[in-house]
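Below is work-v7.tsv, which holds TSV, N, CA and C atoms.
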chain	number	residue	atom	x	y	z
A	9	MET	N	2.35	26.84	1.61
A	9	MET	CA	2.48	26.09	0.36
A	9	MET	C	3.91	25.63	0.19
A	10	ALA	N	4.08	24.44	-0.27
A	10	ALA	CA	5.41	23.87	-0.49
A	10	ALA	C	6.10	24.60	-1.64
A	11	THR	N	7.39	24.73	-1.52
A	11	THR	CA	8.14	25.38	-2.58
A	11	THR	C	8.90	24.36	-3.39
A	12	GLU	N	9.25	24.77	-4.57
A	12	GLU	CA	9.97	23.89	-5.49
A	12	GLU	C	11.45	24.00	-5.19
A	13	GLN	N	12.14	22.88	-5.20
A	13	GLN	CA	13.58	22.91	-4.96
A	13	GLN	C	14.27	21.79	-5.71
A	14	SER	N	15.49	22.07	-6.11
A	14	SER	CA	16.31	21.05	-6.72
A	14	SER	C	17.61	21.02	-5.93
A	15	PRO	N	18.02	19.85	-5.42
A	15	PRO	CA	19.24	19.78	-4.64
A	15	PRO	C	20.48	20.07	-5.48
A	16	VAL	N	21.60	20.16	-4.80
A	16	VAL	CA	22.87	20.39	-5.50
A	16	VAL	C	22.99	19.37	-6.62
A	17	GLY	N	23.41	19.82	-7.77
A	17	GLY	CA	23.47	18.94	-8.94
A	17	GLY	C	22.39	19.32	-9.91
A	18	GLY	N	21.31	19.89	-9.38
A	18	GLY	CA	20.26	20.46	-10.21
A	18	GLY	C	19.54	19.49	-11.11
A	19	ASP	N	18.94	20.04	-12.14
A	19	ASP	CA	18.17	19.27	-13.09
A	19	ASP	C	19.08	18.60	-14.11
A	20	LYS	N	18.53	17.62	-14.80
A	20	LYS	CA	19.27	16.91	-15.84
A	20	LYS	C	18.82	17.45	-17.20
A	21	SER	N	19.72	17.44	-18.16
A	21	SER	CA	19.40	17.90	-19.50
A	21	SER	C	19.43	16.73	-20.47
A	22	TYR	N	18.37	16.63	-21.25
A	22	TYR	CA	18.24	15.60	-22.29
A	22	TYR	C	17.79	16.30	-23.57
A	23	GLN	N	17.90	15.62	-24.67
A	23	GLN	CA	17.38	16.14	-25.92
A	23	GLN	C	15.90	15.79	-26.03
A	24	ALA	N	15.09	16.75	-26.47
A	24	ALA	CA	13.66	16.51	-26.64
A	24	ALA	C	13.42	15.68	-27.89
A	25	ASN	N	12.64	14.63	-27.76
A	25	ASN	CA	12.32	13.75	-28.88
A	25	ASN	C	11.26	14.34	-29.80
A	26	ALA	N	10.47	15.28	-29.27
A	26	ALA	CA	9.34	15.85	-30.01
A	26	ALA	C	9.20	17.32	-29.62
A	27	ASP	N	8.23	17.97	-30.18
A	27	ASP	CA	7.89	19.34	-29.82
A	27	ASP	C	7.25	19.31	-28.44
A	28	LEU	N	7.97	19.80	-27.44
A	28	LEU	CA	7.47	19.80	-26.07
A	28	LEU	C	7.18	21.23	-25.58
A	29	ARG	N	6.92	22.14	-26.51
A	29	ARG	CA	6.72	23.54	-26.14
A	29	ARG	C	5.48	23.78	-25.29
A	30	ALA	N	4.51	22.89	-25.32
A	30	ALA	CA	3.30	23.05	-24.50
A	30	ALA	C	3.23	21.97	-23.43
A	31	LYS	N	4.38	21.42	-23.01
A	31	LYS	CA	4.39	20.26	-22.12
A	31	LYS	C	5.10	20.51	-20.79
A	32	GLN	N	5.38	21.76	-20.44
A	32	GLN	CA	6.04	22.06	-19.18
A	32	GLN	C	5.24	21.51	-18.01
A	33	TYR	N	5.92	20.94	-17.04
A	33	TYR	CA	5.36	20.33	-15.82
A	33	TYR	C	4.61	19.04	-16.07
A	34	LEU	N	4.90	18.37	-17.19
A	34	LEU	CA	4.37	17.04	-17.43
A	34	LEU	C	5.47	16.01	-17.15
A	35	ILE	N	5.06	14.78	-16.89
A	35	ILE	CA	5.99	13.70	-16.57
A	35	ILE	C	6.58	13.13	-17.86
A	36	VAL	N	7.90	12.96	-17.88
A	36	VAL	CA	8.57	12.47	-19.08
A	36	VAL	C	9.24	11.12	-18.83
A	37	LYS	N	9.46	10.42	-19.93
A	37	LYS	CA	10.15	9.12	-19.88
A	37	LYS	C	11.40	9.21	-20.75
A	38	LEU	N	12.36	8.34	-20.46
A	38	LEU	CA	13.59	8.26	-21.24
A	38	LEU	C	13.42	7.19	-22.30
A	39	LEU	N	13.70	7.55	-23.54
A	39	LEU	CA	13.57	6.62	-24.66
A	39	LEU	C	14.89	5.89	-24.89
A	40	SER	N	14.87	4.87	-25.69
A	40	SER	CA	16.09	4.09	-25.98
A	40	SER	C	17.14	4.92	-26.72
A	41	THR	N	16.71	6.05	-27.30
A	41	THR	CA	17.62	6.95	-28.01
A	41	THR	C	18.28	7.96	-27.05
A	42	PHE	N	17.99	7.84	-25.75
A	42	PHE	CA	18.45	8.75	-24.70
A	42	PHE	C	17.85	10.15	-24.86
A	43	LYS	N	16.74	10.24	-25.55
A	43	LYS	CA	15.96	11.47	-25.63
A	43	LYS	C	14.77	11.30	-24.69
A	44	VAL	N	14.09	12.40	-24.36
A	44	VAL	CA	12.91	12.31	-23.51
A	44	VAL	C	11.67	12.73	-24.29
A	45	ASP	N	10.55	12.16	-23.85
A	45	ASP	CA	9.24	12.52	-24.39
A	45	ASP	C	8.24	12.38	-23.26
A	46	VAL	N	7.09	13.00	-23.42
A	46	VAL	CA	6.04	12.91	-22.43
A	46	VAL	C	5.56	11.46	-22.34
A	47	CYS	N	5.30	10.98	-21.14
A	47	CYS	CA	4.78	9.63	-20.96
A	47	CYS	C	3.50	9.46	-21.77
A	48	SER	N	3.34	8.29	-22.38
A	48	SER	CA	2.20	8.06	-23.27
A	48	SER	C	1.35	6.87	-22.85
A	49	ALA	N	1.63	6.32	-21.67
A	49	ALA	CA	0.84	5.21	-21.13
A	49	ALA	C	0.89	5.29	-19.61
A	50	ALA	N	-0.19	4.88	-18.97
A	50	ALA	CA	-0.25	4.92	-17.50
A	50	ALA	C	0.80	4.02	-16.87
A	51	GLY	N	1.29	3.03	-17.60
A	51	GLY	CA	2.30	2.11	-17.08
A	51	GLY	C	3.73	2.55	-17.35
A	52	ASP	N	3.93	3.71	-17.98
A	52	ASP	CA	5.28	4.20	-18.25
A	52	ASP	C	6.01	4.53	-16.96
A	53	LEU	N	7.32	4.34	-16.97
A	53	LEU	CA	8.17	4.74	-15.86
A	53	LEU	C	8.63	6.16	-16.13
A	54	GLY	N	8.03	7.11	-15.43
A	54	GLY	CA	8.44	8.50	-15.58
A	54	GLY	C	9.75	8.72	-14.84
A	55	ILE	N	10.70	9.37	-15.51
A	55	ILE	CA	12.00	9.60	-14.87
A	55	ILE	C	12.05	10.95	-14.18
A	56	GLY	N	11.10	11.84	-14.50
A	56	GLY	CA	11.10	13.17	-13.91
A	56	GLY	C	10.05	14.05	-14.56
A	57	VAL	N	10.17	15.35	-14.32
A	57	VAL	CA	9.19	16.32	-14.79
A	57	VAL	C	9.88	17.39	-15.63
A	58	LEU	N	9.30	17.67	-16.78
A	58	LEU	CA	9.84	18.67	-17.69
A	58	LEU	C	9.72	20.07	-17.07
A	59	GLN	N	10.82	20.80	-17.00
A	59	GLN	CA	10.85	22.12	-16.36
A	59	GLN	C	10.80	23.28	-17.36
A	60	ASN	N	11.08	23.00	-18.61
A	60	ASN	CA	11.08	24.07	-19.61
A	60	ASN	C	10.14	23.69	-20.75
A	61	ASP	N	10.26	24.35	-21.88
A	61	ASP	CA	9.34	24.11	-23.00
A	61	ASP	C	10.11	24.02	-24.32
A	62	PRO	N	10.93	22.96	-24.48
A	62	PRO	CA	11.79	22.85	-25.67
A	62	PRO	C	11.05	22.37	-26.91
A	63	ASP	N	11.55	22.76	-28.04
A	63	ASP	CA	11.08	22.24	-29.32
A	63	ASP	C	11.86	20.95	-29.60
A	64	ILE	N	11.51	20.25	-30.64
A	64	ILE	CA	12.17	19.00	-30.99
A	64	ILE	C	13.68	19.21	-31.12
A	65	ASN	N	14.44	18.29	-30.55
A	65	ASN	CA	15.90	18.26	-30.56
A	65	ASN	C	16.56	19.35	-29.71
A	66	GLN	N	15.79	20.18	-29.02
A	66	GLN	CA	16.37	21.16	-28.11
A	66	GLN	C	16.59	20.52	-26.74
A	67	ALA	N	17.31	21.22	-25.88
A	67	ALA	CA	17.58	20.72	-24.54
A	67	ALA	C	16.32	20.74	-23.68
A	68	ALA	N	16.00	19.59	-23.14
A	68	ALA	CA	14.86	19.45	-22.23
A	68	ALA	C	15.41	19.37	-20.81
A	69	GLN	N	15.02	20.31	-19.98
A	69	GLN	CA	15.45	20.36	-18.58
A	69	GLN	C	14.48	19.51	-17.77
A	70	VAL	N	14.99	18.45	-17.13
A	70	VAL	CA	14.15	17.49	-16.41
A	70	VAL	C	14.53	17.45	-14.94
A	71	ARG	N	13.56	17.71	-14.07
A	71	ARG	CA	13.78	17.56	-12.63
A	71	ARG	C	13.60	16.09	-12.31
A	72	ALA	N	14.67	15.44	-11.86
A	72	ALA	CA	14.65	13.99	-11.66
A	72	ALA	C	15.33	13.54	-10.38
A	73	GLU	N	15.97	14.44	-9.68
A	73	GLU	CA	16.75	14.08	-8.50
A	73	GLU	C	15.85	13.61	-7.37
A	74	PRO	N	16.02	12.37	-6.90
A	74	PRO	CA	15.21	11.88	-5.78
A	74	PRO	C	15.31	12.83	-4.59
A	75	GLY	N	14.16	13.14	-4.01
A	75	GLY	CA	14.10	14.03	-2.86
A	75	GLY	C	13.83	15.48	-3.23
A	76	SER	N	14.01	15.84	-4.50
A	76	SER	CA	13.73	17.21	-4.90
A	76	SER	C	12.23	17.40	-5.08
A	77	LYS	N	11.80	18.64	-5.10
A	77	LYS	CA	10.39	18.97	-5.30
A	77	LYS	C	10.20	19.60	-6.67
A	78	THR	N	9.01	19.39	-7.24
A	78	THR	CA	8.70	19.98	-8.53
A	78	THR	C	7.21	20.23	-8.66
A	79	LYS	N	6.86	21.12	-9.55
A	79	LYS	CA	5.47	21.31	-9.92
A	79	LYS	C	5.12	20.24	-10.95
A	80	VAL	N	3.88	19.73	-10.89
A	80	VAL	CA	3.38	18.75	-11.85
A	80	VAL	C	1.91	19.06	-12.09
A	81	ILE	N	1.47	18.89	-13.32
A	81	ILE	CA	0.05	19.10	-13.65
A	81	ILE	C	-0.70	17.82	-13.34
A	82	SER	N	-1.80	17.94	-12.57
A	82	SER	CA	-2.61	16.76	-12.23
A	82	SER	C	-3.68	16.53	-13.28
A	83	ASP	N	-4.16	15.29	-13.37
A	83	ASP	CA	-5.16	14.98	-14.40
A	83	ASP	C	-6.59	15.19	-13.91
A	84	GLY	N	-6.82	15.17	-12.60
A	84	GLY	CA	-8.12	15.52	-12.06
A	84	GLY	C	-9.18	14.44	-12.08
A	85	THR	N	-8.90	13.25	-12.62
A	85	THR	CA	-9.94	12.23	-12.67
A	85	THR	C	-10.15	11.57	-11.31
A	86	THR	N	-9.11	11.49	-10.51
A	86	THR	CA	-9.19	10.96	-9.16
A	86	THR	C	-8.54	11.99	-8.24
A	87	PRO	N	-9.21	12.39	-7.17
A	87	PRO	CA	-8.60	13.37	-6.27
A	87	PRO	C	-7.25	12.89	-5.74
A	88	ILE	N	-6.33	13.83	-5.59
A	88	ILE	CA	-5.01	13.56	-5.02
A	88	ILE	C	-4.94	14.32	-3.71
A	89	ALA	N	-4.60	13.61	-2.63
A	89	ALA	CA	-4.45	14.22	-1.32
A	89	ALA	C	-2.97	14.33	-0.98
A	90	VAL	N	-2.65	15.22	-0.07
A	90	VAL	CA	-1.27	15.32	0.41
A	90	VAL	C	-0.86	13.95	0.95
A	91	GLY	N	0.29	13.47	0.53
A	91	GLY	CA	0.80	12.17	0.96
A	91	GLY	C	0.51	11.04	0.00
A	92	ASP	N	-0.38	11.25	-0.98
A	92	ASP	CA	-0.68	10.21	-1.96
A	92	ASP	C	0.52	9.98	-2.88
A	93	TRP	N	0.69	8.72	-3.30
A	93	TRP	CA	1.68	8.38	-4.31
A	93	TRP	C	1.10	8.75	-5.67
A	94	VAL	N	1.90	9.41	-6.51
A	94	VAL	CA	1.43	9.79	-7.84
A	94	VAL	C	2.41	9.30	-8.90
A	95	GLY	N	1.86	9.07	-10.08
A	95	GLY	CA	2.64	8.68	-11.24
A	95	GLY	C	1.95	9.26	-12.46
A	96	THR	N	2.28	8.74	-13.62
A	96	THR	CA	1.76	9.31	-14.85
A	96	THR	C	0.46	8.65	-15.30
A	97	ASN	N	-0.32	9.43	-16.05
A	97	ASN	CA	-1.43	8.84	-16.80
A	97	ASN	C	-0.95	8.72	-18.24
A	98	ALA	N	-1.85	8.54	-19.19
A	98	ALA	CA	-1.47	8.31	-20.58
A	98	ALA	C	-1.04	9.57	-21.33
A	99	VAL	N	-1.09	10.74	-20.67
A	99	VAL	CA	-0.65	11.98	-21.32
A	99	VAL	C	0.33	12.77	-20.45
A	100	GLY	N	0.98	12.10	-19.50
A	100	GLY	CA	2.03	12.74	-18.71
A	100	GLY	C	1.56	13.55	-17.53
A	101	LYS	N	0.28	13.51	-17.20
A	101	LYS	CA	-0.23	14.24	-16.04
A	101	LYS	C	-0.21	13.34	-14.81
A	102	ALA	N	-0.10	13.96	-13.64
A	102	ALA	CA	-0.04	13.20	-12.39
A	102	ALA	C	-1.40	12.62	-12.04
A	103	ILE	N	-1.38	11.36	-11.63
A	103	ILE	CA	-2.59	10.66	-11.19
A	103	ILE	C	-2.22	9.83	-9.96
A	104	LYS	N	-3.17	9.65	-9.06
A	104	LYS	CA	-2.94	8.86	-7.86
A	104	LYS	C	-2.66	7.41	-8.24
A	105	LYS	N	-1.64	6.83	-7.64
A	105	LYS	CA	-1.27	5.43	-7.86
A	105	LYS	C	-1.47	4.67	-6.55
A	106	VAL	N	-2.08	3.48	-6.63
A	106	VAL	CA	-2.41	2.75	-5.42
A	106	VAL	C	-1.93	1.30	-5.40
A	107	LEU	N	-1.58	0.75	-6.53
A	107	LEU	CA	-1.18	-0.66	-6.59
A	107	LEU	C	0.33	-0.81	-6.38
A	108	ALA	N	0.73	-1.86	-5.72
A	108	ALA	CA	2.15	-2.10	-5.49
A	108	ALA	C	2.92	-2.32	-6.79
A	109	THR	N	2.20	-2.61	-7.87
A	109	THR	CA	2.84	-2.81	-9.18
A	109	THR	C	2.90	-1.52	-9.99
A	110	ASP	N	2.32	-0.43	-9.49
A	110	ASP	CA	2.34	0.86	-10.21
A	110	ASP	C	3.70	1.53	-10.06
A	111	TRP	N	4.20	2.11	-11.15
A	111	TRP	CA	5.39	2.97	-11.08
A	111	TRP	C	4.92	4.31	-10.56
A	112	VAL	N	5.67	4.89	-9.65
A	112	VAL	CA	5.30	6.21	-9.16
A	112	VAL	C	6.42	7.21	-9.43
A	113	LEU	N	6.02	8.46	-9.51
A	113	LEU	CA	6.97	9.55	-9.67
A	113	LEU	C	7.41	10.06	-8.31
A	114	GLY	N	6.46	10.10	-7.37
A	114	GLY	CA	6.78	10.61	-6.04
A	114	GLY	C	5.54	10.75	-5.20
A	115	GLN	N	5.65	11.60	-4.17
A	115	GLN	CA	4.59	11.76	-3.20
A	115	GLN	C	4.08	13.19	-3.24
A	116	ALA	N	2.74	13.33	-3.31
A	116	ALA	CA	2.12	14.65	-3.40
A	116	ALA	C	2.34	15.45	-2.11
A	117	GLU	N	2.70	16.71	-2.28
A	117	GLU	CA	2.82	17.61	-1.14
A	117	GLU	C	1.76	18.70	-1.19
A	118	SER	N	0.90	18.63	-2.20
A	118	SER	CA	-0.29	19.48	-2.26
A	118	SER	C	-1.39	18.67	-2.92
A	119	ALA	N	-2.62	19.11	-2.76
A	119	ALA	CA	-3.78	18.34	-3.20
A	119	ALA	C	-4.38	18.86	-4.50
A	120	SER	N	-5.18	18.00	-5.15
A	120	SER	CA	-5.88	18.37	-6.37
A	120	SER	C	-7.14	17.54	-6.50
A	121	SER	N	-8.22	18.19	-6.92
A	121	SER	CA	-9.45	17.45	-7.22
A	121	SER	C	-10.07	17.96	-8.52
A	122	ALA	N	-9.27	18.65	-9.32
A	122	ALA	CA	-9.75	19.19	-10.59
A	122	ALA	C	-8.70	18.99	-11.68
A	123	VAL	N	-9.13	19.06	-12.92
A	123	VAL	CA	-8.25	18.88	-14.07
A	123	VAL	C	-7.25	20.03	-14.17
A	124	ASP	N	-6.01	19.70	-14.48
A	124	ASP	CA	-4.94	20.64	-14.77
A	124	ASP	C	-4.55	21.56	-13.62
A	125	VAL	N	-4.72	21.09	-12.39
A	125	VAL	CA	-4.24	21.82	-11.23
A	125	VAL	C	-2.75	21.52	-11.09
A	126	VAL	N	-1.95	22.53	-10.83
A	126	VAL	CA	-0.52	22.33	-10.62
A	126	VAL	C	-0.31	22.00	-9.14
A	127	ILE	N	0.28	20.83	-8.89
A	127	ILE	CA	0.57	20.41	-7.53
A	127	ILE	C	2.08	20.31	-7.34
A	128	THR	N	2.48	20.18	-6.09
A	128	THR	CA	3.90	19.97	-5.77
A	128	THR	C	4.10	18.51	-5.40
A	129	VAL	N	5.16	17.92	-5.94
A	129	VAL	CA	5.47	16.52	-5.69
A	129	VAL	C	6.93	16.41	-5.26
A	130	ARG	N	7.18	15.60	-4.21
A	130	ARG	CA	8.56	15.25	-3.84
A	130	ARG	C	8.92	14.01	-4.63
A	131	LEU	N	9.96	14.10	-5.44
A	131	LEU	CA	10.31	13.03	-6.36
A	131	LEU	C	10.95	11.82	-5.69
A	132	LEU	N	10.46	10.65	-6.08
A	132	LEU	CA	11.02	9.35	-5.72
A	132	LEU	C	10.81	8.44	-6.93
A	133	PRO	N	11.39	8.81	-8.11
A	133	PRO	CA	11.11	8.08	-9.35
A	133	PRO	C	11.39	6.59	-9.25
A	134	GLY	N	10.44	5.79	-9.78
A	134	GLY	CA	10.60	4.35	-9.82
A	134	GLY	C	10.15	3.64	-8.56
A	135	HIS	N	9.85	4.39	-7.54
A	135	HIS	CA	9.41	3.80	-6.27
A	135	HIS	C	8.04	3.16	-6.47
A	136	PRO	N	7.82	1.98	-5.90
A	136	PRO	CA	6.49	1.36	-6.03
A	136	PRO	C	5.48	1.99	-5.08
A	137	ALA	N	4.23	2.08	-5.49
A	137	ALA	CA	3.17	2.55	-4.61
A	137	ALA	C	2.97	1.50	-3.53
A	138	LEU	N	2.98	1.89	-2.29
A	138	LEU	CA	2.85	0.94	-1.18
A	138	LEU	C	1.57	1.15	-0.43
Translate this file's structure into structure tokens.
Amino acid sequence: MATEQSPVGGDKSYQANADLRAKQYLIVKLLSTFKVDVCSAAGDLGIGVLQNDPDINQAAQVRAEPGSKTKVISDGTTPIAVGDWVGTNAVGKAIKKVLATDWVLGQAESASSAVDVVITVRLLPGHPAL
């Protein structure tokens, strides 16, 4: 099984825009206020994955470094295979992305075919699905 790693420089810290106490391992986006919140649309550009469980205005630890690995909760509506490009759905869970116009978070390093399975993803935020 793949392990989680963050390269030198580690995770980034942002202020939580909302109560994110039940949102660990979901994909987050950066707002114009420089705070983060869970992605709320399948077309959102996820900048990384929430690593902790902050309340509103607390520090949100976000794994965002390209090439690092992280755990992410999958949505389960479409199976994800090792090597698939994944990005966010409308509630911050990982879903397979297949269109060249889709924003992706990274590439799956473990598989999922059920709801709320925790998978490992190698981050490549903003990369287009090819």
- Message: For Gln115 (chain A), find every residue with an atom within 6 Å (counting all atoms listed in the file), except residues of its own chain fewer than 4 positions away, and show them as a list in words.
- Response: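 With the cut-off at 6 Å, the set is Gly91, Asp92, Trp93, Val94, Thr128, Val129, Arg130, Leu131 and Leu132 of chain A.
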- Query: Pick the closest to Ile55 (chain A) from A:Val36, A:Val126, A:Val106, A:Ala68: which is it, counting all atoms listed in the file?
  - Reply: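 Nearest candidate to Ile55 (chain A) out of A:Val36, A:Val126, A:Val106, A:Ala68: A:Val36.
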- Message: Report, in Å to a single decimal, how far apart atom C of Ser118 (chain A) and CA of Ala24 (chain A) are.
- Response: 28.2 Å
- Task: List every protein, DNA or RNA residue with an atom no more than 7 Å from (10.3, 24.6, -29.4) in the file's coordinates, counting only N, CA and C atoms, and format the result as number ranges by chain.
- Result: A: 27-29, 61-64
- Using all atoms listed in the file, which residue out of A:Ala108, A:Leu39, A:Leu34, A:Ile88 lies closest to Ala122 (chain A)?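 Among A:Ala108, A:Leu39, A:Leu34, A:Ile88, it is A:Ile88 that comes nearest to Ala122 (chain A).
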- Item | CA of Ser40 (chain A) to CA of Lys105 (chain A), straight-line distance in Å |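 Straight-line distance from CA of Lys105 (chain A) to CA of Ser40 (chain A) works out to 25.1 Å.
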- Task: Mind giving me the straight-line distance from CA of Ala116 (chain A) to CA of Val90 (chain A) in Å, one decimal?
- Result: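 Value for the CA of Ala116 (chain A)-CA of Val90 (chain A) distance: 5.1 Å.
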- Message: Taking (18.2, 16.5, -15.7) as a centre in this file's frame and 7 Å as the limit, can you find every polymer residue with an atom that close, using only N, CA and C atoms, and give them as a PyMOL selection string?
- Response: chain A and resi 18-22+68-73
Residues from the last selection, N, CA and C atoms, saved as a PDB file, in the coordinates of the input:
ATOM      1  N   GLY A  18      21.310  19.890  -9.380  1.00  0.00           N
ATOM      2  CA  GLY A  18      20.260  20.460 -10.210  1.00  0.00           C
ATOM      3  C   GLY A  18      19.540  19.490 -11.110  1.00  0.00           C
ATOM      4  N   ASP A  19      18.940  20.040 -12.140  1.00  0.00           N
ATOM      5  CA  ASP A  19      18.170  19.270 -13.090  1.00  0.00           C
ATOM      6  C   ASP A  19      19.080  18.600 -14.110  1.00  0.00           C
ATOM      7  N   LYS A  20      18.530  17.620 -14.800  1.00  0.00           N
ATOM      8  CA  LYS A  20      19.270  16.910 -15.840  1.00  0.00           C
ATOM      9  C   LYS A  20      18.820  17.450 -17.200  1.00  0.00           C
ATOM     10  N   SER A  21      19.720  17.440 -18.160  1.00  0.00           N
ATOM     11  CA  SER A  21      19.400  17.900 -19.500  1.00  0.00           C
ATOM     12  C   SER A  21      19.430  16.730 -20.470  1.00  0.00           C
ATOM     13  N   TYR A  22      18.370  16.630 -21.250  1.00  0.00           N
ATOM     14  CA  TYR A  22      18.240  15.600 -22.290  1.00  0.00           C
ATOM     15  C   TYR A  22      17.790  16.300 -23.570  1.00  0.00           C
ATOM     16  N   ALA A  68      16.000  19.590 -23.140  1.00  0.00           N
ATOM     17  CA  ALA A  68      14.860  19.450 -22.230  1.00  0.00           C
ATOM     18  C   ALA A  68      15.410  19.370 -20.810  1.00  0.00           C
ATOM     19  N   GLN A  69      15.020  20.310 -19.980  1.00  0.00           N
ATOM     20  CA  GLN A  69      15.450  20.360 -18.580  1.00  0.00           C
ATOM     21  C   GLN A  69      14.480  19.510 -17.770  1.00  0.00           C
ATOM     22  N   VAL A  70      14.990  18.450 -17.130  1.00  0.00           N
ATOM     23  CA  VAL A  70      14.150  17.490 -16.410  1.00  0.00           C
ATOM     24  C   VAL A  70      14.530  17.450 -14.940  1.00  0.00           C
ATOM     25  N   ARG A  71      13.560  17.710 -14.070  1.00  0.00           N
ATOM     26  CA  ARG A  71      13.780  17.560 -12.630  1.00  0.00           C
ATOM     27  C   ARG A  71      13.600  16.090 -12.310  1.00  0.00           C
ATOM     28  N   ALA A  72      14.670  15.440 -11.860  1.00  0.00           N
ATOM     29  CA  ALA A  72      14.650  13.990 -11.660  1.00  0.00           C
ATOM     30  C   ALA A  72      15.330  13.540 -10.380  1.00  0.00           C
ATOM     31  N   GLU A  73      15.970  14.440  -9.680  1.00  0.00           N
ATOM     32  CA  GLU A  73      16.750  14.080  -8.500  1.00  0.00           C
ATOM     33  C   GLU A  73      15.850  13.610  -7.370  1.00  0.00           C
TER      34      GLU A  73
END
Region 90-107 of chain A: axis-aligned bounding box, 6 Å on each side, centre and edge lengths in Å, one decimal, as AutoDock Vina command-line options:
--center_x -0.3 --center_y 7.3 --center_z -10.2 --size_x 17.8 --size_y 28.1 --size_z 34.3
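Among the candidates A:Gln23, A:Leu38, A:Asp52, A:Lys101, the one nearest to Ala67 (chain A) when counting only N, CA and C atoms is A:Gln23.
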